[in-house]
Amino acid sequence: MGGHSERPQCVLVAPEVFDQRDEDGIVVLLEPEPAAEQQAVVREAAQVCPAAAILIEEG
């Protein structure tokens, strides 16, 4: 995932799952296996990501 100059959409939509490093702006995954109640916001984060950098694997 690339760096961002401002808060990326995925961090705004799902801050419990994604964060942004202060030093370089790169988005990091905090929760690789989000809980069932977080699934909807993770899907929304994937949809709003302008870089299409979020891939959801089910199973």
# chains A, B, ... in the order shown; residues from 1 in each chain; ligands from 1
>>> residues_around(residues="A:Glu6", least_positions_apart="4", cutoff="12 Å", atoms="only C-alpha atoms", output="list in words")
Cys10, Val11, Leu12, Asp19, Gln20, Arg21, Asp22, Asp24, Gly25, Ile26 and Val27 of chain A
>>> write_last_selection(atoms="N, CA and C atoms", output="tab-separated table (two decimals), in the first residue's frame")
chain	number	residue	atom	x	y	z
A	10	CYS	N	-9.78	4.40	3.90
A	10	CYS	CA	-9.93	3.16	4.66
A	10	CYS	C	-9.72	3.39	6.15
A	11	VAL	N	-8.79	4.29	6.50
A	11	VAL	CA	-8.54	4.59	7.91
A	11	VAL	C	-9.73	5.34	8.51
A	12	LEU	N	-10.32	6.22	7.72
A	12	LEU	CA	-11.49	6.97	8.21
A	12	LEU	C	-12.70	6.06	8.39
A	19	ASP	N	-4.61	1.64	9.91
A	19	ASP	CA	-4.00	2.84	10.47
A	19	ASP	C	-3.01	3.38	9.46
A	20	GLN	N	-2.51	4.58	9.73
A	20	GLN	CA	-1.54	5.21	8.85
A	20	GLN	C	-0.31	5.56	9.65
A	21	ARG	N	0.85	5.12	9.17
A	21	ARG	CA	2.10	5.43	9.85
A	21	ARG	C	2.39	6.92	9.71
A	22	ASP	N	2.78	7.55	10.81
A	22	ASP	CA	3.08	8.98	10.80
A	22	ASP	C	4.33	9.30	9.99
A	24	ASP	N	5.76	7.96	7.29
A	24	ASP	CA	5.78	7.90	5.82
A	24	ASP	C	4.39	7.86	5.18
A	25	GLY	N	3.32	7.86	5.99
A	25	GLY	CA	1.97	7.89	5.45
A	25	GLY	C	1.45	6.58	4.90
A	26	ILE	N	2.23	5.52	5.04
A	26	ILE	CA	1.79	4.22	4.53
A	26	ILE	C	0.71	3.63	5.44
A	27	VAL	N	-0.32	3.08	4.80
A	27	VAL	CA	-1.41	2.45	5.53
A	27	VAL	C	-0.98	1.07	5.96
>>> residues_around(residues="A:Pro32", least_positions_apart="3", cutoff="12 Å", atoms="only C-alpha atoms", output="ChimeraX atom specification")
/A:16-18,28-29,35,38-39,42,54-58
>>> select_by_dssp(residues="chain A", states="strand (DSSP E)", output="number ranges by chain")
A: 18-20, 27-29
>>> write_last_selection(atoms="N, CA, C and O atoms", output="PDB file, in the first residue's frame")
ATOM      1  N   PHE A  18      -7.529  -0.456  10.047  1.00  0.00           N
ATOM      2  CA  PHE A  18      -6.438   0.175   9.303  1.00  0.00           C
ATOM      3  C   PHE A  18      -5.909   1.377  10.055  1.00  0.00           C
ATOM      4  O   PHE A  18      -6.657   2.070  10.732  1.00  0.00           O
ATOM      5  N   ASP A  19      -4.612   1.644   9.906  1.00  0.00           N
ATOM      6  CA  ASP A  19      -4.004   2.843  10.472  1.00  0.00           C
ATOM      7  C   ASP A  19      -3.006   3.379   9.465  1.00  0.00           C
ATOM      8  O   ASP A  19      -2.682   2.720   8.475  1.00  0.00           O
ATOM      9  N   GLN A  20      -2.508   4.577   9.727  1.00  0.00           N
ATOM     10  CA  GLN A  20      -1.538   5.208   8.853  1.00  0.00           C
ATOM     11  C   GLN A  20      -0.306   5.556   9.651  1.00  0.00           C
ATOM     12  O   GLN A  20      -0.402   6.189  10.704  1.00  0.00           O
ATOM     13  N   VAL A  27      -0.323   3.082   4.796  1.00  0.00           N
ATOM     14  CA  VAL A  27      -1.415   2.453   5.528  1.00  0.00           C
ATOM     15  C   VAL A  27      -0.983   1.065   5.963  1.00  0.00           C
ATOM     16  O   VAL A  27      -0.372   0.320   5.194  1.00  0.00           O
ATOM     17  N   VAL A  28      -1.294   0.730   7.211  1.00  0.00           N
ATOM     18  CA  VAL A  28      -0.964  -0.589   7.749  1.00  0.00           C
ATOM     19  C   VAL A  28      -2.243  -1.288   8.213  1.00  0.00           C
ATOM     20  O   VAL A  28      -3.206  -0.649   8.632  1.00  0.00           O
ATOM     21  N   LEU A  29      -2.226  -2.588   8.107  1.00  0.00           N
ATOM     22  CA  LEU A  29      -3.342  -3.419   8.532  1.00  0.00           C
ATOM     23  C   LEU A  29      -3.163  -3.768  10.002  1.00  0.00           C
ATOM     24  O   LEU A  29      -2.180  -4.387  10.386  1.00  0.00           O
TER      25      LEU A  29
END
>>> select_by_dssp(residues="chain A", states="alpha helix (DSSP H)", output="list in words")
Gln9, Cys10, Val11, Leu12, Val13, Gln39, Ala40, Val41, Val42, Arg43, Glu44, Ala45, Ala46, Gln47 and Val48 of chain A
>>> atom_distance(atom1="atom CA of A:Val41", atom2="atom CA of A:Glu23")
25.8 Å
>>> decode(residues="stretch 5-56 of chain A", atoms="C-alpha atoms", output="PDB file, in the first residue's frame")
ATOM      1  CA  SER A   5      -0.531  12.900   2.286  1.00  0.00           C
ATOM      2  CA  GLU A   6      -3.830  13.029   4.173  1.00  0.00           C
ATOM      3  CA  ARG A   7      -5.950  10.498   6.042  1.00  0.00           C
ATOM      4  CA  PRO A   8      -6.849   7.690   3.638  1.00  0.00           C
ATOM      5  CA  GLN A   9     -10.476   6.667   3.283  1.00  0.00           C
ATOM      6  CA  CYS A  10      -9.928   3.161   4.659  1.00  0.00           C
ATOM      7  CA  VAL A  11      -8.537   4.592   7.915  1.00  0.00           C
ATOM      8  CA  LEU A  12     -11.488   6.968   8.210  1.00  0.00           C
ATOM      9  CA  VAL A  13     -14.030   4.210   7.527  1.00  0.00           C
ATOM     10  CA  ALA A  14     -12.431   1.418   9.581  1.00  0.00           C
ATOM     11  CA  PRO A  15      -9.883   2.862  12.042  1.00  0.00           C
ATOM     12  CA  GLU A  16      -9.964  -0.298  14.163  1.00  0.00           C
ATOM     13  CA  VAL A  17      -8.714  -2.296  11.161  1.00  0.00           C
ATOM     14  CA  PHE A  18      -6.438   0.175   9.303  1.00  0.00           C
ATOM     15  CA  ASP A  19      -4.004   2.843  10.472  1.00  0.00           C
ATOM     16  CA  GLN A  20      -1.538   5.208   8.853  1.00  0.00           C
ATOM     17  CA  ARG A  21       2.100   5.435   9.853  1.00  0.00           C
ATOM     18  CA  ASP A  22       3.080   8.979  10.804  1.00  0.00           C
ATOM     19  CA  GLU A  23       6.613   8.753   9.440  1.00  0.00           C
ATOM     20  CA  ASP A  24       5.776   7.904   5.820  1.00  0.00           C
ATOM     21  CA  GLY A  25       1.973   7.894   5.446  1.00  0.00           C
ATOM     22  CA  ILE A  26       1.791   4.219   4.527  1.00  0.00           C
ATOM     23  CA  VAL A  27      -1.415   2.453   5.528  1.00  0.00           C
ATOM     24  CA  VAL A  28      -0.964  -0.589   7.749  1.00  0.00           C
ATOM     25  CA  LEU A  29      -3.342  -3.419   8.532  1.00  0.00           C
ATOM     26  CA  LEU A  30      -4.042  -3.641  12.258  1.00  0.00           C
ATOM     27  CA  GLU A  31      -6.469  -6.560  12.168  1.00  0.00           C
ATOM     28  CA  PRO A  32      -5.820  -9.173   9.462  1.00  0.00           C
ATOM     29  CA  GLU A  33      -8.911 -11.166  10.480  1.00  0.00           C
ATOM     30  CA  PRO A  34     -11.600  -8.653  11.460  1.00  0.00           C
ATOM     31  CA  ALA A  35     -14.460  -9.810  13.664  1.00  0.00           C
ATOM     32  CA  ALA A  36     -17.831 -10.553  12.096  1.00  0.00           C
ATOM     33  CA  GLU A  37     -19.228  -7.217  13.287  1.00  0.00           C
ATOM     34  CA  GLN A  38     -16.412  -5.386  11.432  1.00  0.00           C
ATOM     35  CA  GLN A  39     -17.021  -7.081   8.068  1.00  0.00           C
ATOM     36  CA  ALA A  40     -19.357  -4.387   6.737  1.00  0.00           C
ATOM     37  CA  VAL A  41     -16.950  -1.514   7.444  1.00  0.00           C
ATOM     38  CA  VAL A  42     -14.034  -3.471   5.974  1.00  0.00           C
ATOM     39  CA  ARG A  43     -16.029  -4.024   2.779  1.00  0.00           C
ATOM     40  CA  GLU A  44     -16.850  -0.313   2.682  1.00  0.00           C
ATOM     41  CA  ALA A  45     -13.165   0.543   3.199  1.00  0.00           C
ATOM     42  CA  ALA A  46     -12.253  -1.674   0.248  1.00  0.00           C
ATOM     43  CA  GLN A  47     -14.862   0.022  -1.927  1.00  0.00           C
ATOM     44  CA  VAL A  48     -13.700   3.570  -1.116  1.00  0.00           C
ATOM     45  CA  CYS A  49      -9.974   2.858  -1.515  1.00  0.00           C
ATOM     46  CA  PRO A  50      -8.939   4.902  -4.580  1.00  0.00           C
ATOM     47  CA  ALA A  51      -5.890   2.684  -5.113  1.00  0.00           C
ATOM     48  CA  ALA A  52      -7.964  -0.521  -4.946  1.00  0.00           C
ATOM     49  CA  ALA A  53      -5.289  -1.812  -2.573  1.00  0.00           C
ATOM     50  CA  ILE A  54      -7.618  -3.773  -0.271  1.00  0.00           C
ATOM     51  CA  LEU A  55      -8.360  -7.373  -1.171  1.00  0.00           C
ATOM     52  CA  ILE A  56     -10.883  -9.276   0.903  1.00  0.00           C
TER      53      ILE A  56
END
